[in-house]
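Structure data (CSV, C-alpha atoms and all ligand atoms) from data-v9.csv:
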```csv
chain,number,residue,atom,x,y,z
A,1,MET,CA,-111.8,14.3,-74.8
A,2,THR,CA,-110.8,11.3,-76.9
A,3,ASP,CA,-107.2,10.5,-77.7
A,4,ASN,CA,-107.4,11.8,-81.3
A,5,ALA,CA,-109.2,15.0,-80.5
A,6,PRO,CA,-106.9,18.0,-80.8
A,7,ALA,CA,-106.2,20.0,-77.6
A,8,PRO,CA,-108.6,22.9,-77.3
A,9,LEU,CA,-107.3,26.2,-78.5
A,10,ILE,CA,-109.5,28.0,-76.0
A,11,GLN,CA,-110.5,26.7,-72.6
A,12,PHE,CA,-112.5,28.5,-69.9
A,13,ALA,CA,-112.3,26.4,-66.8
A,14,GLY,CA,-114.5,27.4,-63.9
A,15,VAL,CA,-114.4,31.1,-64.8
A,16,THR,CA,-116.4,33.4,-62.6
A,17,LYS,CA,-116.8,37.0,-63.6
A,18,ARG,CA,-118.5,39.6,-61.5
A,19,PHE,CA,-119.2,43.3,-61.9
A,20,GLY,CA,-119.6,44.3,-58.3
A,21,ALA,CA,-122.5,42.3,-56.9
A,22,LEU,CA,-123.6,41.1,-60.3
A,23,THR,CA,-122.3,37.7,-61.3
A,24,VAL,CA,-122.1,37.6,-65.1
A,25,LEU,CA,-120.3,34.3,-65.6
A,26,ASP,CA,-120.7,31.7,-62.9
A,27,ASP,CA,-118.3,28.7,-63.0
A,28,PHE,CA,-118.2,29.0,-66.7
A,29,ASN,CA,-116.7,26.1,-68.7
A,30,PHE,CA,-116.2,26.3,-72.4
A,31,GLU,CA,-113.8,24.8,-74.9
A,32,VAL,CA,-113.2,25.6,-78.6
A,33,ALA,CA,-111.1,23.3,-80.8
A,34,PRO,CA,-108.6,24.7,-83.3
A,35,GLY,CA,-110.3,25.8,-86.5
A,36,GLU,CA,-113.8,25.5,-85.0
A,37,LYS,CA,-116.5,28.1,-85.9
A,38,VAL,CA,-118.7,28.7,-82.9
A,39,THR,CA,-121.7,31.0,-82.7
A,40,LEU,CA,-123.0,32.3,-79.3
A,41,ILE,CA,-126.6,33.2,-79.2
A,42,GLY,CA,-128.9,34.3,-76.4
A,43,PRO,CA,-130.8,37.1,-74.8
A,44,SER,CA,-129.2,40.5,-74.2
A,45,GLY,CA,-127.3,40.6,-70.9
A,46,SER,CA,-126.6,36.9,-70.9
A,47,GLY,CA,-122.8,37.3,-70.9
A,48,LYS,CA,-121.9,36.8,-74.6
A,49,SER,CA,-119.9,39.9,-75.0
A,50,THR,CA,-118.2,39.3,-71.6
A,51,VAL,CA,-116.9,36.0,-72.9
A,52,LEU,CA,-115.4,37.7,-76.0
A,53,ARG,CA,-114.0,40.6,-73.9
A,54,ILE,CA,-112.3,38.2,-71.5
A,55,LEU,CA,-110.7,36.4,-74.4
A,56,MET,CA,-109.5,39.7,-75.8
A,57,THR,CA,-108.0,40.4,-72.3
A,58,LEU,CA,-110.2,43.4,-72.1
A,59,GLU,CA,-111.8,42.2,-68.9
A,60,PRO,CA,-110.3,40.5,-65.8
A,61,PHE,CA,-112.2,37.8,-64.0
A,62,GLN,CA,-112.3,36.6,-60.4
A,63,GLU,CA,-112.1,32.9,-60.4
A,64,GLY,CA,-111.0,30.0,-62.6
A,65,ARG,CA,-108.7,29.9,-65.5
A,66,LEU,CA,-108.6,30.7,-69.2
A,67,THR,CA,-106.1,29.0,-71.5
A,68,LEU,CA,-105.6,30.2,-75.0
A,69,ALA,CA,-103.1,28.6,-77.4
A,70,GLY,CA,-101.4,27.0,-74.5
A,71,LEU,CA,-101.0,30.2,-72.5
A,72,SER,CA,-102.8,30.5,-69.2
A,73,TYR,CA,-104.6,33.6,-68.3
A,74,GLN,CA,-103.9,33.1,-64.6
A,75,GLU,CA,-101.1,31.8,-62.5
A,76,PRO,CA,-101.3,27.9,-62.7
A,77,GLY,CA,-103.5,26.7,-60.0
A,78,GLY,CA,-104.5,30.2,-59.1
A,79,THR,CA,-108.0,30.9,-58.1
A,80,GLY,CA,-107.2,34.3,-56.5
A,81,PRO,CA,-107.5,37.7,-58.0
A,82,PHE,CA,-106.5,38.1,-61.7
A,83,LYS,CA,-102.8,39.0,-61.9
A,84,ALA,CA,-101.2,38.1,-65.2
A,85,SER,CA,-98.4,40.6,-66.2
A,86,GLU,CA,-99.1,43.1,-68.9
A,87,ARG,CA,-96.5,41.4,-71.0
A,88,HIS,CA,-98.2,38.0,-70.6
A,89,LEU,CA,-101.5,39.6,-71.5
A,90,ARG,CA,-100.0,41.1,-74.6
A,91,GLU,CA,-98.8,37.7,-75.7
A,92,ILE,CA,-102.2,36.2,-75.2
A,93,ARG,CA,-103.8,39.1,-77.0
A,94,SER,CA,-101.5,38.6,-80.0
A,95,HIS,CA,-103.4,35.4,-80.9
A,96,VAL,CA,-106.8,37.1,-80.9
A,97,GLY,CA,-108.5,39.6,-83.2
A,98,MET,CA,-111.8,41.2,-82.5
A,99,VAL,CA,-114.4,42.9,-84.6
A,100,PHE,CA,-116.9,45.1,-82.7
A,101,GLN,CA,-120.4,46.1,-83.5
A,102,SER,CA,-119.2,49.8,-83.8
A,103,PHE,CA,-116.3,49.2,-86.2
A,104,ASN,CA,-113.9,51.3,-84.1
A,105,LEU,CA,-111.6,52.4,-87.0
A,106,PHE,CA,-109.1,55.1,-86.3
A,107,PRO,CA,-110.9,58.1,-87.8
A,108,HIS,CA,-107.7,60.1,-88.5
A,109,MET,CA,-106.0,57.3,-90.5
A,110,SER,CA,-106.6,56.2,-94.0
A,111,VAL,CA,-108.0,52.8,-94.7
A,112,MET,CA,-104.5,51.6,-95.6
A,113,ARG,CA,-103.0,52.9,-92.3
A,114,ASN,CA,-105.9,51.5,-90.3
A,115,VAL,CA,-104.9,48.0,-91.6
A,116,ALA,CA,-101.1,48.4,-91.8
A,117,GLU,CA,-100.4,50.3,-88.6
A,118,ALA,CA,-100.5,47.6,-85.9
A,119,PRO,CA,-98.4,45.1,-87.9
A,120,VAL,CA,-95.7,47.7,-88.1
A,121,ARG,CA,-96.0,48.9,-84.4
A,122,VAL,CA,-96.8,45.6,-82.7
A,123,LEU,CA,-95.3,42.9,-85.0
A,124,GLY,CA,-92.4,44.9,-86.2
A,125,LEU,CA,-93.1,44.5,-89.9
A,126,SER,CA,-91.5,47.0,-92.3
A,127,ARG,CA,-93.9,49.5,-93.7
A,128,ASP,CA,-93.6,47.9,-97.1
A,129,GLU,CA,-94.4,44.4,-95.8
A,130,ALA,CA,-97.3,45.7,-93.8
A,131,GLN,CA,-98.7,47.7,-96.8
A,132,ALA,CA,-98.3,44.6,-99.0
A,133,ARG,CA,-100.3,42.6,-96.5
A,134,ALA,CA,-102.9,45.3,-96.2
A,135,VAL,CA,-103.3,45.5,-100.0
A,136,ASP,CA,-104.0,41.7,-100.1
A,137,LEU,CA,-106.5,41.9,-97.3
A,138,LEU,CA,-108.3,44.9,-98.7
A,139,ALA,CA,-108.6,43.1,-101.9
A,140,MET,CA,-110.0,40.1,-100.0
A,141,VAL,CA,-112.7,42.2,-98.4
A,142,GLY,CA,-113.4,43.9,-101.8
A,143,LEU,CA,-112.0,47.3,-100.9
A,144,ALA,CA,-108.8,47.6,-102.8
A,145,ASP,CA,-109.9,50.8,-104.4
A,146,LYS,CA,-110.6,52.5,-101.1
A,147,LYS,CA,-107.2,52.3,-99.5
A,148,ASP,CA,-106.6,56.1,-99.5
A,149,HIS,CA,-110.1,56.9,-98.2
A,150,PHE,CA,-110.8,57.8,-94.6
A,151,PRO,CA,-113.4,56.0,-92.5
A,152,SER,CA,-115.9,58.9,-92.6
A,153,GLN,CA,-115.9,58.5,-96.4
A,154,LEU,CA,-117.1,54.9,-96.3
A,155,SER,CA,-120.4,53.3,-95.6
A,156,GLY,CA,-120.9,51.3,-92.4
A,157,GLY,CA,-120.6,48.0,-94.3
A,158,GLN,CA,-117.3,49.2,-95.9
A,159,GLN,CA,-116.0,50.3,-92.5
A,160,GLN,CA,-116.8,47.0,-91.0
A,161,ARG,CA,-115.0,45.2,-93.8
A,162,VAL,CA,-111.9,47.4,-93.2
A,163,ALA,CA,-112.2,46.4,-89.5
A,164,ILE,CA,-112.2,42.8,-90.5
A,165,ALA,CA,-109.1,43.3,-92.7
A,166,ARG,CA,-107.4,45.2,-89.8
A,167,ALA,CA,-108.0,42.3,-87.4
A,168,LEU,CA,-106.7,39.8,-90.0
A,169,ALA,CA,-103.6,41.8,-90.6
A,170,MET,CA,-102.3,40.6,-87.2
A,171,ARG,CA,-102.7,37.0,-88.3
A,172,PRO,CA,-104.6,36.0,-85.2
A,173,ARG,CA,-105.5,32.3,-84.6
A,174,VAL,CA,-108.8,33.3,-83.1
A,175,LEU,CA,-111.2,35.9,-84.6
A,176,LEU,CA,-114.0,37.2,-82.4
A,177,PHE,CA,-117.0,39.0,-83.8
A,178,ASP,CA,-119.4,40.8,-81.5
A,179,GLU,CA,-122.6,41.5,-83.3
A,180,PRO,CA,-120.7,42.7,-86.4
A,181,THR,CA,-123.8,43.6,-88.3
A,182,SER,CA,-126.0,45.0,-85.6
A,183,ALA,CA,-125.1,48.6,-86.2
A,184,LEU,CA,-125.6,48.4,-90.0
A,185,ASP,CA,-128.5,49.5,-92.1
A,186,PRO,CA,-130.2,46.3,-93.3
A,187,GLN,CA,-129.1,46.7,-96.9
A,188,LEU,CA,-125.4,46.7,-95.8
A,189,VAL,CA,-125.6,43.5,-93.7
A,190,GLY,CA,-125.2,41.1,-96.6
A,191,GLU,CA,-121.8,42.4,-97.8
A,192,VAL,CA,-120.3,42.0,-94.3
A,193,LEU,CA,-121.8,38.5,-93.8
A,194,ALA,CA,-120.4,37.5,-97.1
A,195,VAL,CA,-116.9,38.4,-96.0
A,196,ILE,CA,-117.3,36.6,-92.7
A,197,GLY,CA,-118.8,33.6,-94.5
A,198,ASP,CA,-115.7,33.5,-96.7
A,199,LEU,CA,-113.5,33.5,-93.6
A,200,ALA,CA,-115.5,30.6,-92.2
A,201,HIS,CA,-114.0,28.4,-94.9
A,202,GLU,CA,-110.4,29.1,-93.6
A,203,HIS,CA,-109.6,25.8,-92.1
A,204,ASP,CA,-107.0,27.2,-89.6
A,205,LEU,CA,-108.9,30.2,-88.3
A,206,THR,CA,-110.9,29.7,-85.1
A,207,MET,CA,-114.0,31.9,-85.0
A,208,LEU,CA,-116.3,32.9,-82.2
A,209,LEU,CA,-119.3,34.9,-83.4
A,210,VAL,CA,-122.0,36.6,-81.5
A,211,THR,CA,-124.9,37.4,-83.8
A,212,HIS,CA,-128.6,37.7,-84.1
A,213,GLU,CA,-128.5,36.6,-87.8
A,214,MET,CA,-129.8,33.1,-87.2
A,215,ARG,CA,-129.9,32.0,-90.8
A,216,PHE,CA,-126.2,33.0,-91.2
A,217,ALA,CA,-125.3,31.3,-87.9
A,218,ARG,CA,-126.8,28.2,-89.2
A,219,GLU,CA,-124.8,28.3,-92.4
A,220,VAL,CA,-121.4,29.0,-91.0
A,221,SER,CA,-121.2,27.4,-87.6
A,222,ASP,CA,-119.8,24.1,-86.6
A,223,ARG,CA,-121.5,24.6,-83.2
A,224,VAL,CA,-124.1,26.9,-81.7
A,225,CYS,CA,-124.2,27.7,-78.0
A,226,PHE,CA,-127.3,29.2,-76.4
A,227,PHE,CA,-126.4,31.5,-73.5
A,228,ASP,CA,-128.8,32.2,-70.6
A,229,LYS,CA,-127.8,34.0,-67.5
A,230,GLY,CA,-124.1,33.5,-67.8
A,231,ARG,CA,-124.2,29.8,-68.6
A,232,ILE,CA,-124.4,27.8,-71.8
A,233,CYS,CA,-127.8,26.4,-71.4
A,234,GLU,CA,-127.7,24.3,-74.5
A,235,GLN,CA,-125.3,23.7,-77.3
A,236,GLY,CA,-125.0,21.5,-80.4
A,237,SER,CA,-124.9,21.5,-84.2
A,238,PRO,CA,-126.8,24.2,-85.9
A,239,GLU,CA,-129.3,21.6,-87.1
A,240,ALA,CA,-129.9,20.4,-83.5
A,241,ILE,CA,-130.2,23.9,-82.0
A,242,PHE,CA,-132.3,25.4,-84.7
A,243,THR,CA,-134.6,22.5,-85.6
A,244,ALA,CA,-134.8,20.5,-82.4
A,245,PRO,CA,-133.8,22.6,-79.4
A,246,SER,CA,-134.4,20.6,-76.3
A,247,HIS,CA,-134.3,23.3,-73.6
A,248,PRO,CA,-137.5,25.4,-73.1
A,249,ARG,CA,-135.4,28.6,-72.8
A,250,THR,CA,-133.8,27.9,-76.1
A,251,ARG,CA,-137.2,27.4,-77.7
A,252,GLU,CA,-138.5,30.5,-76.2
A,253,PHE,CA,-135.5,32.6,-77.4
A,254,LEU,CA,-135.6,31.2,-80.9
A,255,ALA,CA,-139.3,31.8,-81.1
A,256,SER,CA,-138.7,35.5,-80.2
A,257,VAL,CA,-136.0,36.1,-82.9
A,258,LEU,CA,-136.9,33.8,-85.8
A,301,LIG,P1,-124.6,40.2,-73.8
A,301,LIG,O1,-123.4,40.5,-74.7
A,301,LIG,O2,-125.0,38.8,-73.8
A,301,LIG,O3,-125.7,41.1,-74.1
A,301,LIG,P2,-122.9,41.2,-71.7
A,301,LIG,O4,-121.8,40.3,-71.6
A,301,LIG,O5,-122.6,42.5,-72.4
A,301,LIG,O6,-124.2,40.5,-72.3
A,301,LIG,O7,-123.4,41.6,-70.3
A,301,LIG,C1,-123.7,40.7,-69.3
A,301,LIG,C2,-124.1,41.4,-68.0
A,301,LIG,O8,-123.0,42.1,-67.5
A,301,LIG,C3,-125.2,42.4,-68.2
A,301,LIG,O9,-126.1,42.4,-67.1
A,301,LIG,C4,-124.5,43.7,-68.3
A,301,LIG,O10,-125.3,44.8,-67.8
A,301,LIG,C5,-123.3,43.5,-67.3
A,301,LIG,N1,-122.1,44.3,-67.6
A,301,LIG,C6,-121.4,44.2,-68.8
A,301,LIG,N2,-120.4,45.1,-68.7
A,301,LIG,C7,-120.4,45.7,-67.5
A,301,LIG,C8,-119.6,46.7,-66.9
A,301,LIG,N3,-118.5,47.2,-67.5
A,301,LIG,N4,-120.0,47.1,-65.6
A,301,LIG,C9,-121.1,46.6,-65.0
A,301,LIG,N5,-121.9,45.6,-65.6
A,301,LIG,C10,-121.6,45.2,-66.8
A,302,MG,MG,-123.2,41.8,-76.2
```
I need this file expressed as structure tokens, please.
Ligand code: ADP
Ligand code: MG
Amino acid sequence: MTDNAPAPLIQFAGVTKRFGALTVLDDFNFEVAPGEKVTLIGPSGSGKSTVLRILMTLEPFQEGRLTLAGLSYQEPGGTGPFKASERHLREIRSHVGMVFQSFNLFPHMSVMRNVAEAPVRVLGLSRDEAQARAVDLLAMVGLADKKDHFPSQLSGGQQQRVAIARALAMRPRVLLFDEPTSALDPQLVGEVLAVIGDLAHEHDLTMLLVTHEMRFAREVSDRVCFFDKGRICEQGSPEAIFTAPSHPRTREFLASVL
């Protein structure tokens, strides 16, 4: 890192993640600068979701260290078993929002409550403050008129836009998207990508996006990382990765999806 580069907001240092005998991430090193928009691409099973789930504190890991917004995910110097306290994990998690492939809205809550509930419960906002925030965010994702609907009354694209508003309501510094359009009918993909594309212009928001929408990745990313077998096999600017990939595995993967 040069002197004038900002400290990374996210840093995986030698992280190894196993599920039983299966090593999913092997001595994984990865840094993301504040405000950077990074897309993770690669074959199914290469570890992309695992990276996001570790960031969201949904998965422990066995070795190495994760630092997020200056908070370490493991005792300093520790390489032993994962053992951060639940309180510490909650604090780390408070900086991260995640949007899943399958929307995961609360089915029994209105759109408004889906967006306003966590800011009340977790951040301690008053209900009025949280609802005002939710109204603004629902307008931003183009769903101001749906605030009293329930998830089952919305299309998949609309549900996913609510999920994005819900994640933003917590004002995370990092927003993670795990194949946010993969579960959608093709005609609904565009409306969700449009919202994510708008967010990509937010200077302060750091974004990590797993997607198979290569054209979109090319438009919004500062950097594209190609994953293969739990490692970043190649990374660079979208132009470099999509027009002149240097690694044979990257070329092979792109030929299979483009
Ligand atoms: P990707 O998102 O790139 O498709 P994942 O991170 O989901 O890959 O998975 C990486 C590997 O870890 C895969 O081999 C997958 O089967 C395995 N894996 C993921 N979650 C679990 C789990 N909870 N238990 C066991 N194996 C898992
Ligand atoms: Mg995945």
So that I can check the surroundings of Met98 (chain A), please list as a CSV table (one decimal) with C-alpha atoms, keeping the file's coordinate frame every protein, DNA and RNA residue that reaches within 12 Å of it, counting all atoms listed in the file and ignoring chain neighbours fewer than 4 positions away.
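Resulting contents of out.csv:
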```csv
chain,number,residue,atom,x,y,z
A,49,SER,CA,-119.9,39.9,-75.0
A,52,LEU,CA,-115.4,37.7,-76.0
A,53,ARG,CA,-114.0,40.6,-73.9
A,54,ILE,CA,-112.3,38.2,-71.5
A,55,LEU,CA,-110.7,36.4,-74.4
A,56,MET,CA,-109.5,39.7,-75.8
A,57,THR,CA,-108.0,40.4,-72.3
A,58,LEU,CA,-110.2,43.4,-72.1
A,93,ARG,CA,-103.8,39.1,-77.0
A,94,SER,CA,-101.5,38.6,-80.0
A,102,SER,CA,-119.2,49.8,-83.8
A,103,PHE,CA,-116.3,49.2,-86.2
A,104,ASN,CA,-113.9,51.3,-84.1
A,160,GLN,CA,-116.8,47.0,-91.0
A,163,ALA,CA,-112.2,46.4,-89.5
A,164,ILE,CA,-112.2,42.8,-90.5
A,165,ALA,CA,-109.1,43.3,-92.7
A,166,ARG,CA,-107.4,45.2,-89.8
A,167,ALA,CA,-108.0,42.3,-87.4
A,168,LEU,CA,-106.7,39.8,-90.0
A,169,ALA,CA,-103.6,41.8,-90.6
A,170,MET,CA,-102.3,40.6,-87.2
A,171,ARG,CA,-102.7,37.0,-88.3
A,172,PRO,CA,-104.6,36.0,-85.2
A,173,ARG,CA,-105.5,32.3,-84.6
A,174,VAL,CA,-108.8,33.3,-83.1
A,175,LEU,CA,-111.2,35.9,-84.6
A,176,LEU,CA,-114.0,37.2,-82.4
A,177,PHE,CA,-117.0,39.0,-83.8
A,178,ASP,CA,-119.4,40.8,-81.5
A,179,GLU,CA,-122.6,41.5,-83.3
A,180,PRO,CA,-120.7,42.7,-86.4
A,206,THR,CA,-110.9,29.7,-85.1
A,207,MET,CA,-114.0,31.9,-85.0
A,208,LEU,CA,-116.3,32.9,-82.2
A,209,LEU,CA,-119.3,34.9,-83.4
A,210,VAL,CA,-122.0,36.6,-81.5
```
With ligand LIG 301 (chain A) as the partner and 10 Å as the cut-off, tabulate the residues of chain A that qualify, each row holding the nearest pair of atoms and their distance in Å to one decimal, using only C-alpha atoms and all ligand atoms, sorted by chain and rising number, as JSON lines.
```
{"residue": "A:Lys17", "atom": "CA", "partner": "A:LIG301", "partner_atom": "O8", "distance": 8.9}
{"residue": "A:Arg18", "atom": "CA", "partner": "A:LIG301", "partner_atom": "O8", "distance": 7.9}
{"residue": "A:Phe19", "atom": "CA", "partner": "A:LIG301", "partner_atom": "C9", "distance": 4.9}
{"residue": "A:Gly20", "atom": "CA", "partner": "A:LIG301", "partner_atom": "C9", "distance": 7.2}
{"residue": "A:Ala21", "atom": "CA", "partner": "A:LIG301", "partner_atom": "C9", "distance": 9.3}
{"residue": "A:Leu22", "atom": "CA", "partner": "A:LIG301", "partner_atom": "N5", "distance": 7.2}
{"residue": "A:Thr23", "atom": "CA", "partner": "A:LIG301", "partner_atom": "O8", "distance": 7.6}
{"residue": "A:Val24", "atom": "CA", "partner": "A:LIG301", "partner_atom": "O8", "distance": 5.2}
{"residue": "A:Leu25", "atom": "CA", "partner": "A:LIG301", "partner_atom": "C1", "distance": 8.1}
{"residue": "A:Leu40", "atom": "CA", "partner": "A:LIG301", "partner_atom": "O2", "distance": 8.7}
{"residue": "A:Ile41", "atom": "CA", "partner": "A:LIG301", "partner_atom": "O2", "distance": 7.9}
{"residue": "A:Gly42", "atom": "CA", "partner": "A:LIG301", "partner_atom": "O2", "distance": 6.5}
{"residue": "A:Pro43", "atom": "CA", "partner": "A:LIG301", "partner_atom": "O2", "distance": 6.1}
{"residue": "A:Ser44", "atom": "CA", "partner": "A:LIG301", "partner_atom": "O3", "distance": 3.6}
{"residue": "A:Gly45", "atom": "CA", "partner": "A:LIG301", "partner_atom": "O6", "distance": 3.4}
{"residue": "A:Ser46", "atom": "CA", "partner": "A:LIG301", "partner_atom": "O2", "distance": 3.8}
{"residue": "A:Gly47", "atom": "CA", "partner": "A:LIG301", "partner_atom": "O4", "distance": 3.2}
{"residue": "A:Lys48", "atom": "CA", "partner": "A:LIG301", "partner_atom": "O2", "distance": 3.8}
{"residue": "A:Ser49", "atom": "CA", "partner": "A:LIG301", "partner_atom": "O1", "distance": 3.6}
{"residue": "A:Thr50", "atom": "CA", "partner": "A:LIG301", "partner_atom": "O4", "distance": 3.7}
{"residue": "A:Val51", "atom": "CA", "partner": "A:LIG301", "partner_atom": "O4", "distance": 6.6}
{"residue": "A:Leu52", "atom": "CA", "partner": "A:LIG301", "partner_atom": "O4", "distance": 8.2}
{"residue": "A:Arg53", "atom": "CA", "partner": "A:LIG301", "partner_atom": "O4", "distance": 8.1}
{"residue": "A:Ile54", "atom": "CA", "partner": "A:LIG301", "partner_atom": "O4", "distance": 9.7}
{"residue": "A:Glu59", "atom": "CA", "partner": "A:LIG301", "partner_atom": "N3", "distance": 8.5}
{"residue": "A:Asp178", "atom": "CA", "partner": "A:LIG301", "partner_atom": "O1", "distance": 7.9}
{"residue": "A:Glu179", "atom": "CA", "partner": "A:LIG301", "partner_atom": "O1", "distance": 8.7}
{"residue": "A:Val210", "atom": "CA", "partner": "A:LIG301", "partner_atom": "O1", "distance": 8.0}
{"residue": "A:Thr211", "atom": "CA", "partner": "A:LIG301", "partner_atom": "O1", "distance": 9.7}
{"residue": "A:Phe227", "atom": "CA", "partner": "A:LIG301", "partner_atom": "O2", "distance": 7.4}
{"residue": "A:Asp228", "atom": "CA", "partner": "A:LIG301", "partner_atom": "O2", "distance": 8.3}
{"residue": "A:Lys229", "atom": "CA", "partner": "A:LIG301", "partner_atom": "C1", "distance": 8.1}
{"residue": "A:Gly230", "atom": "CA", "partner": "A:LIG301", "partner_atom": "C1", "distance": 7.4}
```
Would you save the residues from that selection as an mmCIF file, in the frame of the given file, using C-alpha atoms?
```cif
data_model
loop_
_atom_site.group_PDB
_atom_site.id
_atom_site.type_symbol
_atom_site.label_atom_id
_atom_site.label_comp_id
_atom_site.auth_asym_id
_atom_site.auth_seq_id
_atom_site.Cartn_x
_atom_site.Cartn_y
_atom_site.Cartn_z
ATOM 1 C CA LYS A 17 -116.800 37.000 -63.600
ATOM 2 C CA ARG A 18 -118.500 39.600 -61.500
ATOM 3 C CA PHE A 19 -119.200 43.300 -61.900
ATOM 4 C CA GLY A 20 -119.600 44.300 -58.300
ATOM 5 C CA ALA A 21 -122.500 42.300 -56.900
ATOM 6 C CA LEU A 22 -123.600 41.100 -60.300
ATOM 7 C CA THR A 23 -122.300 37.700 -61.300
ATOM 8 C CA VAL A 24 -122.100 37.600 -65.100
ATOM 9 C CA LEU A 25 -120.300 34.300 -65.600
ATOM 10 C CA LEU A 40 -123.000 32.300 -79.300
ATOM 11 C CA ILE A 41 -126.600 33.200 -79.200
ATOM 12 C CA GLY A 42 -128.900 34.300 -76.400
ATOM 13 C CA PRO A 43 -130.800 37.100 -74.800
ATOM 14 C CA SER A 44 -129.200 40.500 -74.200
ATOM 15 C CA GLY A 45 -127.300 40.600 -70.900
ATOM 16 C CA SER A 46 -126.600 36.900 -70.900
ATOM 17 C CA GLY A 47 -122.800 37.300 -70.900
ATOM 18 C CA LYS A 48 -121.900 36.800 -74.600
ATOM 19 C CA SER A 49 -119.900 39.900 -75.000
ATOM 20 C CA THR A 50 -118.200 39.300 -71.600
ATOM 21 C CA VAL A 51 -116.900 36.000 -72.900
ATOM 22 C CA LEU A 52 -115.400 37.700 -76.000
ATOM 23 C CA ARG A 53 -114.000 40.600 -73.900
ATOM 24 C CA ILE A 54 -112.300 38.200 -71.500
ATOM 25 C CA GLU A 59 -111.800 42.200 -68.900
ATOM 26 C CA ASP A 178 -119.400 40.800 -81.500
ATOM 27 C CA GLU A 179 -122.600 41.500 -83.300
ATOM 28 C CA VAL A 210 -122.000 36.600 -81.500
ATOM 29 C CA THR A 211 -124.900 37.400 -83.800
ATOM 30 C CA PHE A 227 -126.400 31.500 -73.500
ATOM 31 C CA ASP A 228 -128.800 32.200 -70.600
ATOM 32 C CA LYS A 229 -127.800 34.000 -67.500
ATOM 33 C CA GLY A 230 -124.100 33.500 -67.800
#
```
Query - Residue nearest Val189 (chain A) among A:Gln101, A:Gln74, A:Thr243, A:Ser152 (counting all atoms listed in the file) - result: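 Counting all atoms listed in the file, the residue closest to Val189 (chain A) is A:Gln101.
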Edge lengths and centre in Å to one decimal, as AutoDock Vina command-line options, is what I'm after for the box along x, y and z that holds all listed atoms of region 208-226 of chain A once 6 Å is added on each side.
```
--center_x -123.1 --center_y 30.9 --center_z -84.4 --size_x 25.6 --size_y 25.6 --size_z 28.0
```
Query raised in the report: Which is closer to ligand MG 302 (chain A) than all the others in A:Glu129, A:Phe100, A:Gln153, A:Pro60, using all atoms listed in the file?
Result: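 Of A:Glu129, A:Phe100, A:Gln153, A:Pro60, the one nearest ligand MG 302 (chain A), counting all atoms listed in the file, is A:Phe100.
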**Report entry** Residues within 12 Å of Glu252 (chain A), all atoms listed in the file, excluding chain neighbours under 3 positions, as a list in words
**Finding:**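 Counting only the stated atoms, we get Gly42, Pro43, Phe226, Asp228, Phe242, Pro245, Ser246, His247, Pro248, Arg249, Ala255, Ser256, Val257 and Leu258 of chain A.
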Query raised in the report: So which one's closest to ligand MG 302 (chain A), A:Val220, A:Leu193, A:His201, A:Ser182? Using all atoms listed in the file, please.
Result: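 Closest candidate: A:Ser182.
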**Report entry** Pick from A:Leu66, A:Ala33, A:Val38, A:Ala134, whichever lies nearest to Ala7 (chain A) using only C-alpha atoms
**Finding:**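 Ranked by minimum distance to Ala7 (chain A), first place goes to A:Ala33.
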